[in-house]
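> Contents are mmCIF, C-alpha atoms; file name work.cif:
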data_model
#
loop_
_atom_site.label_atom_id
_atom_site.label_comp_id
_atom_site.auth_asym_id
_atom_site.auth_seq_id
_atom_site.Cartn_x
_atom_site.Cartn_y
_atom_site.Cartn_z
CA MET A 23 32.29 38.11 -100.49
CA ALA A 24 30.83 39.72 -103.55
CA SER A 25 28.38 42.55 -103.19
CA THR A 26 25.00 40.92 -102.67
CA LEU A 27 21.50 42.32 -102.95
CA ALA A 28 19.51 41.73 -99.79
CA HIS A 29 16.11 40.09 -100.02
CA GLY A 30 13.33 40.11 -97.49
CA LEU A 31 13.72 36.40 -96.85
CA ASP A 32 17.19 37.16 -95.44
CA GLY A 33 15.64 39.21 -92.65
CA THR A 34 14.25 38.51 -89.24
CA VAL A 35 13.43 40.34 -86.03
CA VAL A 36 13.56 39.67 -82.32
CA ILE A 37 11.49 41.79 -79.94
CA GLY A 38 12.67 40.75 -76.52
CA THR A 39 10.81 37.81 -75.01
CA ASP A 40 7.41 39.28 -74.17
CA TYR A 41 6.07 39.97 -77.65
CA GLU A 42 5.73 36.56 -79.21
CA ALA A 43 4.12 36.20 -82.66
CA GLN A 44 4.83 34.66 -86.04
CA LEU A 45 6.38 37.68 -87.67
CA ASN A 46 7.02 38.27 -91.34
CA THR A 47 7.64 42.00 -91.60
CA TRP A 48 9.47 44.75 -89.80
CA SER A 49 10.35 48.34 -90.50
CA ALA A 50 12.48 50.88 -88.69
CA THR A 51 13.42 54.48 -89.22
CA LEU A 52 16.68 55.93 -87.90
CA THR A 53 16.24 59.62 -87.25
CA ARG A 54 18.27 62.61 -86.14
CA ALA A 55 16.48 65.80 -85.28
CA THR A 56 17.72 68.84 -87.18
CA SER A 57 17.68 72.52 -86.35
CA ILE A 58 17.71 75.40 -88.80
CA VAL A 59 20.70 77.67 -88.15
CA THR A 60 20.39 79.89 -91.19
CA GLY A 61 22.10 83.27 -90.79
CA PHE A 62 20.83 86.69 -91.91
CA ALA A 63 23.19 86.90 -94.87
CA ASP A 64 22.70 83.32 -96.00
CA THR A 65 20.88 82.74 -99.25
CA GLY A 66 20.32 79.04 -98.63
CA GLN A 67 18.91 77.08 -95.69
CA ARG A 68 21.45 75.75 -93.17
CA ARG A 69 20.81 72.96 -90.72
CA ARG A 70 22.58 71.14 -87.91
CA ALA A 71 21.85 67.52 -87.04
CA SER A 72 21.51 66.41 -83.44
CA ALA A 73 24.06 63.99 -82.03
CA VAL A 74 21.19 62.00 -80.56
CA LEU A 75 19.99 59.17 -82.78
CA ASP A 76 16.47 57.82 -82.51
CA ILE A 77 14.90 54.63 -83.85
CA THR A 78 11.20 53.96 -84.21
CA GLY A 79 9.50 51.18 -86.07
CA SER A 80 7.20 48.23 -86.06
CA ALA A 81 7.12 44.51 -86.62
CA GLY A 82 4.10 42.51 -87.68
CA GLY A 83 2.78 39.07 -88.40
CA PHE A 84 0.24 36.60 -87.07
CA SER A 85 -0.77 36.03 -83.46
CA LYS A 86 0.02 32.66 -81.93
CA TYR A 87 -1.51 30.78 -79.04
CA GLY A 88 -1.35 27.43 -77.35
CA ASP A 89 1.94 27.94 -75.54
CA ALA A 90 2.91 30.03 -72.54
CA SER A 91 5.56 31.86 -74.54
CA HIS A 92 2.97 33.13 -77.03
CA ASP A 93 1.35 35.60 -74.64
CA PRO A 94 2.33 39.18 -75.61
CA THR A 95 2.46 40.19 -71.97
CA GLY A 96 4.72 43.17 -72.29
CA ILE A 97 2.11 45.60 -73.51
CA TYR A 98 -0.41 45.17 -70.68
CA ASP A 99 1.76 44.31 -67.71
CA SER A 100 1.70 46.87 -64.92
CA SER A 101 5.33 47.65 -65.60
CA ALA A 102 6.21 47.60 -69.27
CA THR A 103 9.47 45.84 -69.92
CA VAL A 104 12.28 47.00 -72.12
CA ALA A 105 12.61 44.79 -75.14
CA ALA A 106 15.98 43.72 -76.49
CA MET A 107 15.60 44.35 -80.19
CA VAL A 108 17.56 42.68 -82.93
CA LEU A 109 16.64 43.80 -86.43
CA THR A 110 18.27 41.65 -89.08
CA VAL A 111 18.46 42.71 -92.72
CA ALA A 112 20.59 39.72 -93.68
CA THR A 113 23.01 37.38 -91.96
CA GLY A 114 25.67 39.59 -90.39
CA CYS A 115 23.71 42.81 -90.92
CA THR A 116 21.94 43.74 -87.70
CA PHE A 117 20.76 46.62 -85.53
CA THR A 118 20.76 45.69 -81.84
CA PHE A 119 19.30 48.01 -79.22
CA ASP A 120 16.84 48.23 -76.35
CA ALA A 121 13.38 49.59 -76.98
CA VAL A 122 10.01 50.10 -75.45
CA VAL A 123 7.00 48.66 -77.22
CA ASN A 124 4.54 51.51 -76.93
CA SER A 125 1.62 49.99 -78.82
CA THR A 126 0.42 46.61 -79.98
CA ALA A 127 -2.26 46.43 -82.63
CA PHE A 128 -4.38 43.32 -83.07
CA SER A 129 -6.64 42.78 -86.07
CA VAL A 130 -8.99 39.83 -86.24
CA THR A 131 -11.33 39.32 -89.17
CA GLN A 132 -13.83 36.49 -88.97
CA ASP A 133 -13.32 35.47 -92.60
CA GLY A 134 -9.70 36.46 -92.85
CA ASP A 135 -6.49 36.92 -90.96
CA SER A 136 -5.61 37.37 -87.29
CA THR A 137 -2.67 39.73 -87.31
CA VAL A 138 -0.68 41.65 -84.74
CA SER A 139 1.89 44.41 -85.00
CA PHE A 140 4.24 45.82 -82.39
CA ASN A 141 5.35 49.45 -82.54
CA PHE A 142 8.63 50.21 -80.79
CA GLU A 143 10.75 53.20 -79.84
CA MET A 144 14.41 53.06 -78.86
CA ASP A 145 15.33 53.21 -75.17
CA ASP A 146 19.08 52.96 -75.36
CA ALA A 147 21.45 55.65 -74.09
CA ASP A 148 24.33 54.72 -76.37
CA GLY A 149 22.22 53.98 -79.42
CA PRO A 150 22.20 50.84 -81.53
CA THR A 151 25.02 48.42 -82.10
CA VAL A 152 25.24 48.13 -85.84
CA VAL A 153 26.97 45.26 -87.54
CA TRP A 154 27.13 45.10 -91.31
CA ALA A 155 28.73 42.31 -93.28
CA GLU A 156 31.43 43.70 -95.54
CA GLY A 157 33.88 42.06 -97.87
CA ALA A 158 37.57 41.97 -97.10
CA MET B 15 0.79 22.75 -103.65
CA SER B 16 1.07 20.18 -100.94
CA VAL B 17 -0.65 16.88 -101.54
CA ASP B 18 -1.42 16.98 -97.82
CA ILE B 19 -3.93 19.74 -98.52
CA MET B 20 -5.81 17.73 -101.14
CA LYS B 21 -5.89 14.75 -98.83
CA ALA B 22 -7.25 16.92 -96.02
CA VAL B 23 -10.08 18.15 -98.25
CA TYR B 24 -10.99 14.60 -99.27
CA ALA B 25 -10.77 13.35 -95.70
CA ARG B 26 -13.25 16.02 -94.62
CA LEU B 27 -15.61 15.30 -97.53
CA VAL B 28 -15.86 11.64 -96.53
CA VAL B 29 -15.63 12.00 -92.75
CA ASN B 30 -18.21 10.13 -90.70
CA ILE B 31 -20.17 12.41 -88.41
CA GLY B 32 -23.10 12.37 -86.06
CA ASP B 33 -24.49 9.68 -83.83
CA THR B 34 -24.88 7.26 -86.71
CA GLY B 35 -21.25 7.60 -87.69
CA THR B 36 -22.03 7.91 -91.37
CA ASN B 37 -21.11 10.43 -94.00
CA PRO B 38 -24.18 12.27 -95.35
CA LEU B 39 -22.50 13.23 -98.64
CA LYS B 40 -21.47 9.66 -99.39
CA VAL B 41 -25.04 8.61 -98.73
CA LEU B 42 -26.45 11.21 -101.13
CA VAL B 43 -23.97 10.61 -103.97
CA GLY B 44 -23.46 6.89 -103.46
CA SER B 45 -19.82 7.37 -102.38
CA ARG B 46 -19.00 8.85 -105.80
CA ILE B 47 -16.64 11.60 -104.62
CA HIS B 48 -13.71 12.19 -106.95
CA ALA B 49 -10.69 14.46 -107.24
CA ILE B 50 -10.34 16.61 -110.38
CA ASP B 51 -12.43 14.42 -112.66
CA ALA B 52 -14.87 11.57 -112.46
CA PRO B 53 -14.46 8.36 -114.45
CA ALA B 54 -16.40 8.19 -117.70
CA ARG B 55 -19.97 6.97 -117.51
CA THR B 56 -20.10 7.29 -113.73
CA THR B 57 -23.60 7.13 -112.37
CA LEU B 58 -25.15 10.39 -111.18
CA PRO B 59 -25.27 12.08 -108.75
CA LEU B 60 -21.59 12.56 -107.97
CA ALA B 61 -19.25 15.15 -106.52
CA VAL B 62 -15.89 16.32 -107.84
CA TYR B 63 -13.46 18.55 -105.97
CA THR B 64 -10.73 20.53 -107.71
CA MET B 65 -7.95 22.69 -106.30
CA ASP B 66 -8.10 26.06 -108.05
CA SER B 67 -5.07 27.77 -106.50
CA VAL B 68 -2.77 27.69 -103.51
CA ASP B 69 -1.14 30.91 -102.36
CA THR B 70 1.70 30.96 -99.86
CA GLU B 71 2.81 33.45 -97.25
CA SER B 72 6.26 33.13 -95.70
CA PHE B 73 7.47 34.07 -92.23
CA PHE B 74 10.83 34.80 -90.70
CA GLY B 75 12.61 31.56 -89.95
CA ALA B 76 13.19 28.49 -92.06
CA ASN B 77 10.26 26.58 -93.57
CA LYS B 78 7.55 28.66 -91.94
CA ILE B 79 4.82 28.92 -94.53
CA ARG B 80 1.11 29.57 -94.43
CA GLN B 81 -0.77 28.16 -97.42
CA VAL B 82 -4.18 29.39 -98.50
CA GLY B 83 -5.83 27.12 -101.04
CA ASN B 84 -9.02 27.72 -102.99
CA PHE B 85 -10.98 24.72 -104.20
CA THR B 86 -14.29 24.01 -105.86
CA VAL B 87 -16.70 21.20 -105.12
CA THR B 88 -18.92 20.49 -108.11
CA VAL B 89 -22.00 18.34 -107.77
CA TYR B 90 -23.65 16.73 -110.77
CA ALA B 91 -27.14 15.27 -110.73
CA LYS B 92 -29.68 14.17 -113.29
CA ALA B 93 -32.05 16.94 -114.33
CA GLU B 94 -34.94 14.57 -113.91
CA SER B 95 -34.12 14.39 -110.21
CA GLY B 96 -35.18 18.01 -109.90
CA ALA B 97 -33.38 21.08 -108.57
CA ASP B 98 -34.34 20.26 -105.00
CA SER B 99 -32.26 17.13 -105.11
CA ILE B 100 -29.02 18.80 -106.09
CA VAL B 101 -29.61 21.71 -103.71
CA ASP B 102 -29.86 19.20 -100.87
CA ILE B 103 -26.50 17.73 -101.88
CA GLU B 104 -24.93 21.18 -102.10
CA GLN B 105 -26.25 21.97 -98.64
CA THR B 106 -24.60 18.83 -97.34
CA VAL B 107 -21.29 19.84 -98.92
CA PHE B 108 -21.63 23.25 -97.29
CA ASP B 109 -22.40 21.76 -93.89
CA LEU B 110 -19.39 19.45 -94.12
CA LEU B 111 -16.89 22.08 -95.18
CA ASP B 112 -17.87 25.47 -93.82
CA GLN B 113 -15.90 26.79 -90.83
CA VAL B 114 -14.35 23.53 -89.74
CA ASP B 115 -10.95 22.64 -88.37
CA VAL B 116 -9.24 19.81 -90.21
CA SER B 117 -6.06 17.86 -89.73
CA VAL B 118 -3.48 18.47 -92.43
CA THR B 119 -0.52 16.11 -92.33
CA ASN B 120 2.82 17.88 -91.77
CA HIS B 121 0.99 21.12 -90.93
CA ASP B 122 0.25 22.48 -87.49
CA ARG B 123 -3.30 23.44 -88.31
CA GLY B 124 -5.90 23.37 -91.05
CA TYR B 125 -9.12 25.30 -91.45
CA ILE B 126 -11.81 25.26 -94.16
CA ARG B 127 -14.53 27.81 -94.82
CA ASN B 128 -17.01 28.48 -97.59
CA LEU B 129 -16.40 31.30 -100.05
CA SER B 130 -19.46 30.98 -102.28
CA ARG B 131 -22.50 28.75 -102.39
CA GLY B 132 -23.36 26.69 -105.43
CA VAL B 133 -26.60 27.31 -107.28
CA PRO B 134 -28.25 24.83 -109.65
CA GLU B 135 -27.37 25.31 -113.30
CA LEU B 136 -29.12 23.29 -115.96
CA ASP B 137 -26.66 21.87 -118.51
CA GLY B 138 -28.52 19.67 -120.95
CA GLU B 139 -29.82 16.73 -119.00
CA ILE B 140 -27.88 17.42 -115.81
CA PHE B 141 -27.92 19.90 -113.00
CA ARG B 142 -24.59 21.10 -111.59
CA THR B 143 -23.57 23.30 -108.69
CA ASP B 144 -20.16 24.82 -108.05
CA SER B 145 -19.35 25.68 -104.43
CA THR B 146 -16.03 27.32 -103.62
CA PHE B 147 -14.07 26.98 -100.40
CA GLU B 148 -10.84 28.08 -98.83
CA ILE B 149 -8.46 25.90 -96.88
CA VAL B 150 -5.76 27.47 -94.72
CA ALA B 151 -2.87 25.36 -93.50
CA ALA B 152 0.29 26.50 -91.79
CA VAL B 153 3.75 25.04 -91.20
CA MET B 154 5.19 26.81 -88.15
#
Rewrite the structure of this file - the entire thing - as C-alpha cells.

Amino acid sequence: MASTLAHGLDGTVVIGTDYEAQLNTWSATLTRATSIVTGFADTGQRRRASAVLDITGSAGGFSKYGDASHDPTGIYDSSATVAAMVLTVATGCTFTFDAVVNSTAFSVTQDGDSTVSFNFEMDDADGPTVVWAEGA
Amino acid sequence: MSVDIMKAVYARLVVNIGDTGTNPLKVLVGSRIHAIDAPARTTLPLAVYTMDSVDTESFFGANKIRQVGNFTVTVYAKAESGADSIVDIEQTVFDLLDQVDVSVTNHDRGYIRNLSRGVPELDGEIFRTDSTFEIVAAVM
C-alpha cells in the first residue's frame, strides 16, 4: 500500500460501553516523564525518560438519548468502571488500552448545541497495544 | 442540501393546528405560500421561503451527519393594507416556526427555531418582512 495521508474522517473512537454519545472528535497525548540527570561538568542539559508510558486524552461529540445504551453511567456510578479504549486514526492504525474516565463535561445551550466530552487517563499496566498499518 | 429539509419547512408552514384544525398562515395569505419565488402577478399578501445555506457536521461512523440549515421566510403585503397587517402575518410565521420539532424524512430528528424577526419595510407599494430561521436535522 502506498503511503497515505490520514484524514479525520478515517478516525473513530470507542470508550468502553458506559460512555455513549455521538462522537466526532478525540485527542490523546502519549507521555513519558523525564528526569534531569545533568552532571557538574556537563555544559548541556541531560535527561532520562521513564520506562512508564502514560496516555491522557478526551473524546467529544453530542449527547444522545432515547435508548438505554445512551446513558453515560460510568461517570456517576458508585464504582467507576474501567473503559476499554480503542483510538483509531485510520483503518489498521489503532491504540487499544484500558482507561478510567475521570471527568465528563456536558454543555447545553438553549439556542445551540448539546455537547459532551469524556476525559480519560490510562489504567493499563502493560501500556497500549499499538497497531499501525504499514506497507510490505 | 437535502430536499427533505425543504419539504419539512413547507410542511410546517402549512400544518393544521389548534382545535379548528386550520393553518393560520394559509388563512392570512390565502394559501399563497411558495418556495424560492412566487409566480408573476400573484395576489398579495403572500409568503415565500428560501433556503439560504445548509452546513453539515460529520460524526464517526458512516453516513452520520447533522445538517444545520438557515432559511428566510419573506412576507409581502400591499402597503395600503397597513403595517399592522403584515406584522400580524409575520407573527403567525414566527408562532408556526419558532422552537418546534418537525419530522424530516430520512432523518432521525428535526428542529426549527427563529434567528431573527422580520420588521416591515416599505418597498414602493408593498410592505415586506424577512424572518430568518434555523432548521437542524440529523442522520444518526
> So, with all atoms listed in the file as the atoms that count, which of A:Val59, A:Ala28, A:Val74, A:Ala112 lies closest to Phe74 (chain B)?
A:Ala112
> Have a look at A:Ala55, A:Ala90, A:Ala106, A:Ala24 and name the one nearest to Arg69 (chain A); count all atoms listed in the file.
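Distance minimum relative to Arg69 (chain A) lands on A:Ala55.
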> Quick one: residues within 6 Å of region 144-152 of chain B, all atoms listed in the file, excluding same-chain residues fewer than 3 positions away - as a PyMOL selection string?
chain B and resi 79-88+121-132
> Could you work out which residues of chain B fall inside 9 Å of chain A? Count all atoms listed in the file, and format the result as a list in words.
Glu71, Ser72, Phe73, Phe74, Gly75, Lys78, Arg127 and Met154 of chain B
> Quick one: of A:Thr151, A:Ser136, A:Thr113, A:Ser49, who's nearest to Tyr87 (chain A), counting only C-alpha atoms?
A:Ser136
> Care to translate the PyMOL selection byres ((chain A and resi 39) around 12) into actual residues of this file, as a short mmCIF file (atom, residue, chain, number, x, y, z; two decimals) with C-alpha atoms, in the coordinates of the input?

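Now in selection.cif:
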data_model
loop_
_atom_site.label_atom_id
_atom_site.label_comp_id
_atom_site.auth_asym_id
_atom_site.auth_seq_id
_atom_site.Cartn_x
_atom_site.Cartn_y
_atom_site.Cartn_z
CA VAL A 35 13.43 40.34 -86.03
CA VAL A 36 13.56 39.67 -82.32
CA ILE A 37 11.49 41.79 -79.94
CA GLY A 38 12.67 40.75 -76.52
CA ASP A 40 7.41 39.28 -74.17
CA TYR A 41 6.07 39.97 -77.65
CA GLU A 42 5.73 36.56 -79.21
CA ALA A 43 4.12 36.20 -82.66
CA ALA A 90 2.91 30.03 -72.54
CA SER A 91 5.56 31.86 -74.54
CA HIS A 92 2.97 33.13 -77.03
CA ASP A 93 1.35 35.60 -74.64
CA PRO A 94 2.33 39.18 -75.61
CA THR A 95 2.46 40.19 -71.97
CA GLY A 96 4.72 43.17 -72.29
CA ILE A 97 2.11 45.60 -73.51
CA THR A 103 9.47 45.84 -69.92
CA VAL A 104 12.28 47.00 -72.12
CA ALA A 105 12.61 44.79 -75.14
CA ALA A 106 15.98 43.72 -76.49
CA MET A 107 15.60 44.35 -80.19
CA VAL A 108 17.56 42.68 -82.93
CA VAL A 123 7.00 48.66 -77.22
#
> Between CA of Thr143 (chain B) and CA of Arg55 (chain B), measure the distance and give it in Å to one decimal.
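Between CA of Thr143 (chain B) and CA of Arg55 (chain B) the gap is 18.9 Å.
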> If you measure from CA of Asp76 (chain A) to CA of Thr53 (chain A), what distance in Å do you get, rounded to one decimal?
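The value is 5.1 Å.
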> Please provide the set of residues having any atom within 12 Å of Ala155 (chain A), restricted to all atoms listed in the file, with same-chain residues fewer than 2 positions apart removed, written as a PyMOL selection string.
chain A and resi 23-26+28+110-117+152-153+157-158
> Could you model N, CA and C atoms for region 78-89 of chain B and present them as an mmCIF file, keeping the file's coordinate frame?

data_model
loop_
_atom_site.group_PDB
_atom_site.id
_atom_site.type_symbol
_atom_site.label_atom_id
_atom_site.label_comp_id
_atom_site.auth_asym_id
_atom_site.auth_seq_id
_atom_site.Cartn_x
_atom_site.Cartn_y
_atom_site.Cartn_z
ATOM 1 N N LYS B 78 8.775 28.225 -92.602
ATOM 2 C CA LYS B 78 7.550 28.660 -91.940
ATOM 3 C C LYS B 78 6.656 29.284 -93.004
ATOM 4 N N ILE B 79 5.662 28.510 -93.408
ATOM 5 C CA ILE B 79 4.820 28.920 -94.530
ATOM 6 C C ILE B 79 3.354 28.713 -94.194
ATOM 7 N N ARG B 80 2.555 29.677 -94.571
ATOM 8 C CA ARG B 80 1.110 29.570 -94.430
ATOM 9 C C ARG B 80 0.536 29.445 -95.841
ATOM 10 N N GLN B 81 -0.186 28.381 -96.094
ATOM 11 C CA GLN B 81 -0.770 28.160 -97.420
ATOM 12 C C GLN B 81 -2.276 28.409 -97.380
ATOM 13 N N VAL B 82 -2.752 29.120 -98.378
ATOM 14 C CA VAL B 82 -4.180 29.390 -98.500
ATOM 15 C C VAL B 82 -4.626 28.851 -99.856
ATOM 16 N N GLY B 83 -5.389 27.767 -99.812
ATOM 17 C CA GLY B 83 -5.830 27.120 -101.040
ATOM 18 C C GLY B 83 -7.300 27.369 -101.318
ATOM 19 N N ASN B 84 -7.615 27.609 -102.571
ATOM 20 C CA ASN B 84 -9.020 27.720 -102.990
ATOM 21 C C ASN B 84 -9.390 26.459 -103.762
ATOM 22 N N PHE B 85 -10.543 25.895 -103.449
ATOM 23 C CA PHE B 85 -10.980 24.720 -104.200
ATOM 24 C C PHE B 85 -12.478 24.768 -104.440
ATOM 25 N N THR B 86 -12.886 24.026 -105.459
ATOM 26 C CA THR B 86 -14.290 24.010 -105.860
ATOM 27 C C THR B 86 -14.832 22.590 -105.723
ATOM 28 N N VAL B 87 -16.001 22.482 -105.163
ATOM 29 C CA VAL B 87 -16.700 21.200 -105.120
ATOM 30 C C VAL B 87 -17.886 21.307 -106.075
ATOM 31 N N THR B 88 -17.848 20.490 -107.105
ATOM 32 C CA THR B 88 -18.920 20.490 -108.110
ATOM 33 C C THR B 88 -19.767 19.245 -107.929
ATOM 34 N N VAL B 89 -21.059 19.461 -107.897
ATOM 35 C CA VAL B 89 -22.000 18.340 -107.770
ATOM 36 C C VAL B 89 -22.771 18.216 -109.076
#
